[in-house]
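Colleague: Structure file query-v6.cif, mmCIF, C-alpha atoms, is pasted below:
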```
data_work
loop_
_atom_site.label_atom_id
_atom_site.label_comp_id
_atom_site.auth_asym_id
_atom_site.auth_seq_id
_atom_site.Cartn_x
_atom_site.Cartn_y
_atom_site.Cartn_z
CA MET C 1 270.64 200.38 50.42
CA SER C 2 267.99 201.61 48.01
CA VAL C 3 265.89 199.26 45.88
CA SER C 4 267.73 200.38 42.75
CA GLY C 5 271.00 199.65 44.57
CA LEU C 6 269.75 196.22 45.51
CA THR C 7 269.02 195.37 41.90
CA ARG C 8 272.27 196.89 40.60
CA ALA C 9 273.59 194.79 37.75
CA SER C 10 276.92 194.25 39.50
CA ARG C 11 275.10 192.50 42.38
CA ALA C 12 273.42 189.89 40.18
CA HIS C 13 275.55 186.92 41.19
CA PRO C 14 275.26 183.98 43.63
CA GLY C 15 277.68 185.38 46.24
CA PHE C 16 275.64 188.54 46.74
CA VAL C 17 272.33 186.66 46.73
CA ALA C 18 273.71 184.26 49.36
CA ALA C 19 274.88 187.18 51.52
CA PHE C 20 271.53 188.92 51.12
CA ILE C 21 269.55 185.81 52.11
CA HIS C 22 271.89 185.35 55.08
CA ARG C 23 271.15 188.90 56.28
CA LEU C 24 267.39 188.61 55.72
CA SER C 25 267.21 185.29 57.57
CA GLY C 26 269.19 186.80 60.46
CA LEU C 27 266.77 189.73 60.58
CA ALA C 28 263.78 187.36 60.57
CA LEU C 29 265.27 185.43 63.49
CA ALA C 30 265.94 188.64 65.42
CA LEU C 31 262.31 189.69 64.93
CA PHE C 32 261.13 186.26 66.06
CA LEU C 33 263.03 186.35 69.36
CA PRO C 34 260.51 188.61 71.18
CA MET C 35 257.74 186.13 70.21
CA HIS C 36 259.83 183.33 71.62
CA PHE C 37 260.34 185.13 74.93
CA LEU C 38 256.64 185.94 75.05
CA ALA C 39 255.84 182.22 74.72
CA LEU C 40 258.30 181.39 77.50
CA GLY C 41 256.75 184.07 79.71
CA LEU C 42 253.25 182.73 79.10
CA ALA C 43 254.36 179.24 80.12
CA LEU C 44 254.29 180.44 83.73
CA GLU C 45 250.53 180.86 83.53
CA ALA C 46 248.75 177.64 82.55
CA GLY C 47 245.60 179.30 81.14
CA SER C 48 247.43 181.83 78.97
CA PHE C 49 249.86 179.19 77.75
CA ALA C 50 247.02 176.89 76.64
CA GLY C 51 245.52 179.85 74.77
CA PHE C 52 248.86 180.54 73.13
CA ILE C 53 249.21 176.91 72.06
CA ASP C 54 245.70 177.04 70.55
CA TRP C 55 246.70 180.17 68.67
CA THR C 56 249.74 178.41 67.24
CA ASN C 57 247.53 175.63 65.86
CA GLN C 58 246.18 177.94 63.19
CA PRO C 59 247.43 176.99 59.71
CA TRP C 60 248.93 180.41 58.95
CA VAL C 61 250.93 180.29 62.20
CA LYS C 62 252.24 176.83 61.30
CA ILE C 63 253.27 178.04 57.86
CA SER C 64 254.95 181.07 59.44
CA GLU C 65 256.76 178.77 61.88
CA SER C 66 258.00 176.67 58.96
CA LEU C 67 259.33 179.79 57.26
CA LEU C 68 261.11 180.71 60.50
CA VAL C 69 262.63 177.26 60.77
CA THR C 70 263.74 177.60 57.13
CA ALA C 71 265.28 180.97 58.02
CA LEU C 72 267.09 179.38 60.96
CA ALA C 73 268.39 176.56 58.76
CA VAL C 74 269.56 178.89 55.99
CA HIS C 75 271.25 181.20 58.50
CA PHE C 76 272.95 178.25 60.21
CA ALA C 77 274.16 176.58 57.01
CA GLY C 78 275.09 179.90 55.39
CA GLY C 79 277.14 180.78 58.48
CA LEU C 80 278.94 177.45 58.29
CA ARG C 81 279.74 178.15 54.63
CA LEU C 82 281.30 181.48 55.54
CA LEU C 83 283.32 179.90 58.35
CA CYS C 84 284.52 177.21 55.93
CA ILE C 85 285.67 179.89 53.45
CA GLU C 86 287.52 181.85 56.10
CA PHE C 87 289.00 179.09 58.25
CA LEU C 88 289.24 176.04 56.00
CA GLY C 89 290.03 177.84 52.75
CA LEU C 90 286.93 176.39 51.08
CA THR C 91 287.45 178.20 47.84
CA ARG C 92 286.15 176.16 44.94
CA ALA C 93 282.64 175.59 43.56
CA GLN C 94 280.96 178.33 45.60
CA GLY C 95 277.84 178.07 43.44
CA LEU C 96 277.52 174.42 44.46
CA TRP C 97 278.00 175.22 48.16
CA ILE C 98 275.42 178.02 48.03
CA SER C 99 272.99 175.65 46.32
CA LEU C 100 273.60 173.03 49.02
CA VAL C 101 272.92 175.61 51.75
CA LEU C 102 269.61 176.56 50.14
CA ALA C 103 268.67 172.91 49.49
CA PHE C 104 269.41 172.01 53.14
CA ALA C 105 267.32 174.92 54.43
CA SER C 106 264.42 174.15 52.09
CA GLY C 107 264.52 170.50 53.13
CA VAL C 108 264.44 171.38 56.83
CA GLY C 109 261.54 173.80 56.24
CA VAL C 110 259.50 171.25 54.27
CA LEU C 111 260.10 168.55 56.90
CA PHE C 112 258.93 170.92 59.64
CA LEU C 113 255.83 171.82 57.63
CA LEU C 114 254.99 168.12 57.09
CA ARG C 115 255.25 167.46 60.83
CA ALA C 116 253.26 170.58 61.72
CA PHE C 117 250.12 169.38 59.88
CA MET N 1 272.56 194.92 -1.87
CA SER N 2 274.20 194.99 1.54
CA ALA N 3 272.22 194.94 4.78
CA PRO N 4 271.47 198.36 6.29
CA GLU N 5 274.00 199.51 8.84
CA ARG N 6 272.92 198.86 12.41
CA ILE N 7 273.29 201.72 14.87
CA LEU N 8 274.11 201.44 18.57
CA GLN N 9 272.48 203.89 20.97
CA VAL N 10 275.22 204.75 23.45
CA ASP N 11 274.48 206.76 26.61
CA ILE N 12 277.64 208.14 28.18
CA ARG N 13 277.86 209.91 31.50
CA ARG N 14 279.41 213.31 30.91
CA GLY N 15 280.84 215.87 33.29
CA GLY N 16 282.31 215.54 36.76
CA GLU N 17 280.73 214.25 39.97
CA ALA N 18 277.44 215.93 39.08
CA GLY N 19 277.23 214.79 35.48
CA ASP N 20 274.44 213.59 33.25
CA TYR N 21 274.04 211.16 30.35
CA GLU N 22 274.45 212.13 26.71
CA ARG N 23 273.39 209.92 23.82
CA PHE N 24 275.54 209.07 20.82
CA GLU N 25 274.78 206.94 17.78
CA VAL N 26 277.59 204.64 16.72
CA PRO N 27 277.66 202.21 13.76
CA GLU N 28 277.73 198.60 14.95
CA ARG N 29 280.66 196.53 13.69
CA GLU N 30 281.66 192.90 13.93
CA ASN N 31 284.02 192.04 16.80
CA GLN N 32 283.63 195.59 18.11
CA THR N 33 284.73 196.16 21.70
CA VAL N 34 283.25 198.71 24.08
CA LEU N 35 286.56 200.57 23.92
CA ASP N 36 286.21 200.70 20.12
CA VAL N 37 282.81 202.37 20.60
CA VAL N 38 284.22 205.00 22.96
CA THR N 39 287.15 205.63 20.64
CA TYR N 40 284.77 206.06 17.67
CA ILE N 41 282.79 208.66 19.60
CA GLN N 42 285.93 210.54 20.62
CA ARG N 43 287.34 210.52 17.08
CA HIS N 44 284.20 211.15 15.05
CA LEU N 45 281.47 212.64 17.25
CA ASP N 46 282.90 214.53 20.22
CA ALA N 47 286.63 215.10 20.54
CA ALA N 48 286.13 216.44 24.07
CA LEU N 49 285.05 213.05 25.45
CA ALA N 50 287.46 212.09 28.23
CA TYR N 51 288.35 208.42 28.75
CA ARG N 52 291.45 206.48 29.65
CA PHE N 53 293.14 203.60 27.84
CA SER N 54 296.58 202.43 26.90
CA CYS N 55 297.38 198.92 25.68
CA ARG N 56 293.94 197.92 24.24
CA VAL N 57 294.75 194.22 24.81
CA GLY N 58 293.88 193.57 28.46
CA VAL N 59 297.29 194.06 29.99
CA CYS N 60 297.51 197.60 31.36
CA GLY N 61 294.21 197.74 33.25
CA SER N 62 293.53 201.40 32.48
CA CYS N 63 290.30 201.24 30.41
CA ALA N 64 287.86 199.92 33.03
CA MET N 65 284.41 201.55 33.05
CA THR N 66 280.87 200.76 34.13
CA VAL N 67 279.13 199.07 31.21
CA ASN N 68 275.37 198.58 31.54
CA GLY N 69 275.72 198.75 35.32
CA ARG N 70 278.68 196.39 35.69
CA PRO N 71 282.36 197.30 36.00
CA ARG N 72 284.31 195.80 33.09
CA TRP N 73 287.57 196.12 31.19
CA THR N 74 286.31 197.69 28.00
CA CYS N 75 289.13 196.64 25.68
CA ARG N 76 288.27 192.96 26.08
CA THR N 77 284.50 193.34 26.32
CA HIS N 78 282.78 192.71 23.01
CA VAL N 79 279.73 194.84 22.38
CA ALA N 80 277.80 191.80 21.14
CA ARG N 81 278.17 190.22 24.59
CA VAL N 82 276.83 193.13 26.62
CA VAL N 83 274.54 195.17 24.35
CA ARG N 84 270.86 195.10 25.27
CA GLY N 85 268.27 196.10 22.69
CA GLY N 86 270.87 197.96 20.70
CA LYS N 87 271.78 200.12 23.72
CA LEU N 88 274.90 200.61 25.80
CA THR N 89 275.16 202.72 28.95
CA LEU N 90 278.67 203.77 29.92
CA ALA N 91 279.74 205.47 33.13
CA PRO N 92 283.00 205.89 35.04
CA LEU N 93 283.98 203.27 37.60
CA ALA N 94 282.00 203.45 40.85
CA ASN N 95 283.61 204.05 44.27
CA LEU N 96 286.23 206.47 42.89
CA PRO N 97 286.13 210.26 42.43
CA VAL N 98 285.19 211.29 38.88
CA ILE N 99 287.59 213.65 37.15
CA ARG N 100 285.58 214.07 33.97
CA ASP N 101 283.33 211.93 31.76
CA LEU N 102 284.65 208.34 31.96
CA VAL N 103 287.87 209.16 33.80
CA THR N 104 288.17 208.47 37.52
CA ASP N 105 290.85 209.60 39.92
CA MET N 106 292.72 206.41 40.84
CA THR N 107 294.68 208.08 43.64
CA PRO N 108 292.58 206.65 46.54
CA PHE N 109 292.85 203.20 44.94
CA PHE N 110 296.65 203.25 44.85
CA GLU N 111 296.93 204.91 48.25
CA LYS N 112 295.12 201.88 49.63
CA TRP N 113 297.66 199.59 47.97
CA GLN N 114 300.35 201.45 49.88
CA ALA N 115 298.34 201.37 53.12
CA ALA N 116 297.96 197.59 52.80
CA ARG N 117 301.77 197.33 52.52
CA GLY N 118 301.59 195.34 49.35
CA ARG N 119 305.25 195.87 48.50
CA PHE N 120 308.37 193.85 49.14
CA VAL N 121 310.46 194.65 52.21
CA PRO N 122 313.91 193.05 52.14
CA GLY N 123 315.26 191.16 55.13
CA ASP N 124 318.28 192.17 57.21
CA GLY N 125 321.60 192.50 55.37
CA PRO N 126 322.71 191.07 52.03
CA ARG N 127 321.85 187.46 51.31
CA GLY N 128 324.65 185.02 50.66
CA GLU N 129 322.64 183.16 48.11
CA MET N 130 319.33 183.32 46.29
CA ALA N 131 316.33 182.23 48.34
CA ALA N 132 315.19 178.84 47.09
CA VAL N 133 311.43 178.83 46.54
CA SER N 134 310.01 175.70 44.97
CA PRO N 135 307.29 176.26 42.34
CA GLY N 136 305.21 173.66 44.18
CA ASP N 137 305.56 175.36 47.54
CA LYS N 138 302.16 176.02 49.15
CA GLN N 139 302.85 179.70 49.74
CA ARG N 140 304.38 180.16 46.29
CA MET N 141 301.21 178.71 44.77
CA ALA N 142 299.03 180.99 46.90
CA ALA N 143 301.09 183.97 45.70
CA SER N 144 300.71 182.80 42.09
CA ASP N 145 296.92 182.67 42.50
CA ALA N 146 296.87 186.33 43.54
CA ILE N 147 299.72 187.94 41.65
CA GLU N 148 298.35 188.54 38.15
CA CYS N 149 296.34 191.62 39.15
CA ILE N 150 296.42 194.34 36.46
CA ASN N 151 295.29 197.17 38.83
CA CYS N 152 292.22 197.92 36.74
CA GLY N 153 290.03 198.83 39.73
CA VAL N 154 287.08 196.68 38.58
CA CYS N 155 286.92 194.78 41.89
CA HIS N 156 287.18 198.04 43.84
CA ALA N 157 284.22 199.42 41.87
CA ALA N 158 282.18 196.22 42.34
CA CYS N 159 282.73 195.98 46.10
CA ASP N 160 279.78 196.86 48.34
CA VAL N 161 281.98 197.39 51.41
CA VAL N 162 284.16 199.91 49.55
CA SER N 163 280.98 201.85 48.77
CA TRP N 164 279.90 201.70 52.43
CA ARG N 165 283.19 202.43 54.19
CA GLU N 166 285.64 204.98 52.94
CA ASP N 167 288.48 203.53 55.05
CA TYR N 168 288.10 199.97 53.72
CA LEU N 169 291.28 198.98 51.91
CA GLY N 170 289.36 197.11 49.24
CA PRO N 171 289.82 193.81 47.41
CA ALA N 172 292.68 194.82 45.10
CA ALA N 173 294.93 196.19 47.85
CA LEU N 174 294.21 193.24 50.15
CA ASN N 175 294.75 190.75 47.33
CA ARG N 176 298.12 192.35 46.68
CA ALA N 177 298.96 192.19 50.40
CA TRP N 178 298.14 188.46 50.37
CA ALA N 179 300.52 187.90 47.44
CA ALA N 180 303.21 189.87 49.29
CA TRP N 181 302.64 187.98 52.56
CA ASN N 182 303.13 184.69 50.72
CA ASP N 183 306.60 185.80 49.60
CA VAL N 184 308.74 183.97 52.14
CA ARG N 185 311.70 186.27 51.33
CA ASP N 186 309.87 189.30 52.75
CA GLY N 187 311.62 190.70 55.82
CA ASP N 188 308.51 191.90 57.68
CA ARG N 189 305.54 189.67 56.97
CA ASN N 190 303.92 190.52 60.29
CA GLY N 191 304.12 194.15 59.15
CA ILE N 192 301.75 193.21 56.33
CA LEU N 193 299.36 191.59 58.80
CA ARG N 194 299.50 194.69 61.00
CA ALA N 195 298.70 196.88 57.98
CA VAL N 196 295.76 194.76 56.85
CA THR N 197 294.18 194.38 60.29
CA SER N 198 294.01 198.08 61.08
CA GLY N 199 290.65 199.89 60.75
CA GLY N 200 289.07 199.11 57.40
CA GLY N 201 291.29 196.08 56.94
CA CYS N 202 290.65 192.49 55.88
CA HIS N 203 288.18 191.74 58.68
CA THR N 204 285.84 194.34 57.22
CA CYS N 205 285.17 192.14 54.15
CA HIS N 206 281.63 190.70 54.05
CA THR N 207 282.47 187.90 51.59
CA HIS N 208 279.91 188.99 49.00
CA GLN N 209 282.44 187.86 46.36
CA SER N 210 281.57 190.63 43.92
CA CYS N 211 285.32 191.17 43.43
CA ALA N 212 285.78 187.56 42.31
CA GLU N 213 282.65 187.73 40.16
CA HIS N 214 283.88 190.76 38.23
CA CYS N 215 287.67 190.32 38.11
CA PRO N 216 288.51 190.34 34.38
CA VAL N 217 291.56 188.12 34.89
CA SER N 218 289.66 185.64 37.08
CA LEU N 219 291.47 186.29 40.34
CA ASN N 220 289.64 185.69 43.60
CA PRO N 221 290.38 188.52 46.04
CA THR N 222 287.71 187.22 48.46
CA PHE N 223 289.80 184.13 49.09
CA SER N 224 292.98 186.18 49.37
CA ILE N 225 291.23 188.25 52.03
CA ALA N 226 290.08 185.05 53.77
CA GLY N 227 293.74 183.98 53.83
CA LEU N 228 294.71 187.27 55.47
CA LYS N 229 291.92 186.79 58.04
CA ARG N 230 293.25 183.31 58.89
CA GLU N 231 296.89 184.31 59.10
CA SER N 232 296.19 187.45 61.14
CA LEU N 233 294.16 185.40 63.60
CA LYS N 234 296.98 182.85 63.92
CA ALA N 235 299.52 185.66 64.43
CA LYS N 236 297.27 187.22 67.05
CA LEU N 237 296.96 183.91 68.92
CA ARG N 238 300.75 183.53 68.80
CA GLY N 239 301.07 187.03 70.29
CA GLU N 240 302.82 188.40 67.19
CA LEU N 241 300.15 191.04 66.54
CA LYS N 242 299.39 193.66 69.15
#
```
Spit out the file's structure as structure tokens when you get a sec.
Modeller:
Amino acid sequence: MSVSGLTRASRAHPGFVAAFIHRLSGLALALFLPMHFLALGLALEAGSFAGFIDWTNQPWVKISESLLVTALAVHFAGGLRLLCIEFLGLTRAQGLWISLVLAFASGVGVLFLLRAF
Amino acid sequence: MSAPERILQVDIRRGGEAGDYERFEVPERENQTVLDVVTYIQRHLDAALAYRFSCRVGVCGSCAMTVNGRPRWTCRTHVARVVRGGKLTLAPLANLPVIRDLVTDMTPFFEKWQAARGRFVPGDGPRGEMAAVSPGDKQRMAASDAIECINCGVCHAACDVVSWREDYLGPAALNRAWAAWNDVRDGDRNGILRAVTSGGGCHTCHTHQSCAEHCPVSLNPTFSIAGLKRESLKAKLRGELK
């Protein structure tokens, strides 16, 4: 999809934005997985693991972690919304449901950030 | 002294698949629709302009075009609502072959309606009496929610998945199939589910809801497609779909 396609006038509505955020958050999580496995691998070696933990104490890493947690929350809640549409016939007030998904994810991200510092 | 006449700058895509935009200047009028603008151009500025319309009152579904980047029915779209800085950009509907200027070939669109089996199939033998379907029946109400489609092709043009996958049946055909499946008199409802679960069927939908966003008569094909997804899954679990 080109940038001009992304900003096509016919895509300027909550359903497309929700789908786009869902995809982006899924991509972010997929990119994060190798980091996660790296951390697990390092846990076998005490010295390296301590170094890794020190590295994660940097503010920018904590902020990045919060964004990842937000991505996880938005992907989780957005996925539940889709399942509700398809299996429970959740058909009304989609704008409200999309807003709730984003509010839930933002809340989770902010809580994580508060605990990180 | 009357106010000076305001002029609309109208860019219209001309030619076939490899066309380009041509600018026309059209006097702005009160309560003017986009279809009025196109008709003015065809009658006063360029008689060769090709476009399609019939009823002019939002019933026939033949005048849909892309207006400032969005698919719309032009006969019920007031210029005042969509004009930006005195400019309008008109193009044929997306996701369909262009015949010429603003006219698309609707053949693939209606072929998909047939492929989705959105037509009534009678049951075995003559019925002794009329089938009794209560207006409050759940399936009757689901059919009512989907049945007012005017075949304009706006949802088909707005759908991302249609633009990505040539074999995708599209929101209009699947919405019609959902209305047909909810007709309890139909003699082969599992046949509908078989048709809509083949390659490019209902499970291809990504639930972007562009169809629902753009439908000029406020139908919600996304939810019709979700209904087909549910019912096909149930039929599969019951062993009725191979």
Colleague: Got a sec to resolve the PyMOL selection byres ((chain C) within 8 of (chain N)) on this structure and send the residues as a VMD selection string?
Modeller: chain C and resid 8 to 11 13 15 to 16 18 to 19 82 85 to 87 89 91
Colleague: I'd like the residues picked by the PyMOL selection byres ((chain N and resi 197-204) around 9) written out as a list in words, using the chain letters and numbers from the file.
Modeller: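 In the shown coordinates, the PyMOL selection byres ((chain N and resi 197-204) around 9) covers Ala116, Val161, Arg165, Glu166, Asp167, Tyr168, Leu169, Gly170, Pro171, Leu174, Ile192, Leu193, Arg194, Ala195, Val196, Cys205, His206, Ile225, Ala226, Leu228, Lys229 and Ser232 of chain N.
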Colleague: Can you list what the PyMOL selection byres ((chain N and resi 19) around 12) grabs from this structure, as a VMD selection string?
Modeller: chain N and resid 12 to 18 20 to 22 91 to 92 98 to 102
Colleague: One decimal, Å: what's the distance from CA of Ser163 (chain N) over to CA of Val103 (chain N), could you say?
Modeller: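 Answer for the CA of Ser163 (chain N) to CA of Val103 (chain N) separation: 18.0 Å.
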Colleague: CA of Pro14 (chain C) and CA of Ile98 (chain C), how far apart in Å?
Modeller: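 Pair CA of Ile98 (chain C) / CA of Pro14 (chain C) returns 7.4 Å.
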Colleague: Step by step, gather every atom of region 32-40 of chain N that the file lists, find the box along x, y and z that holds them, add 4 Å on each side, and finally give centre and edge lengths in Å to one decimal, as JSON.
Modeller:
```
{"center_x": 285.0, "center_y": 200.8, "center_z": 20.9, "size_x": 12.3, "size_y": 18.5, "size_z": 14.4}
```
Colleague: Which is closest to Lys62 (chain C) among C:Phe32, C:Phe37, C:Phe112, C:Phe76, if we use only C-alpha atoms?
Modeller: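 Of C:Phe32, C:Phe37, C:Phe112, C:Phe76, the one nearest Lys62 (chain C), counting only C-alpha atoms, is C:Phe112.
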Colleague: Just give me the gap between CA of Thr39 (chain N) and CA of Gly153 (chain N) in Å, one decimal is fine.
Modeller: 20.5 Å
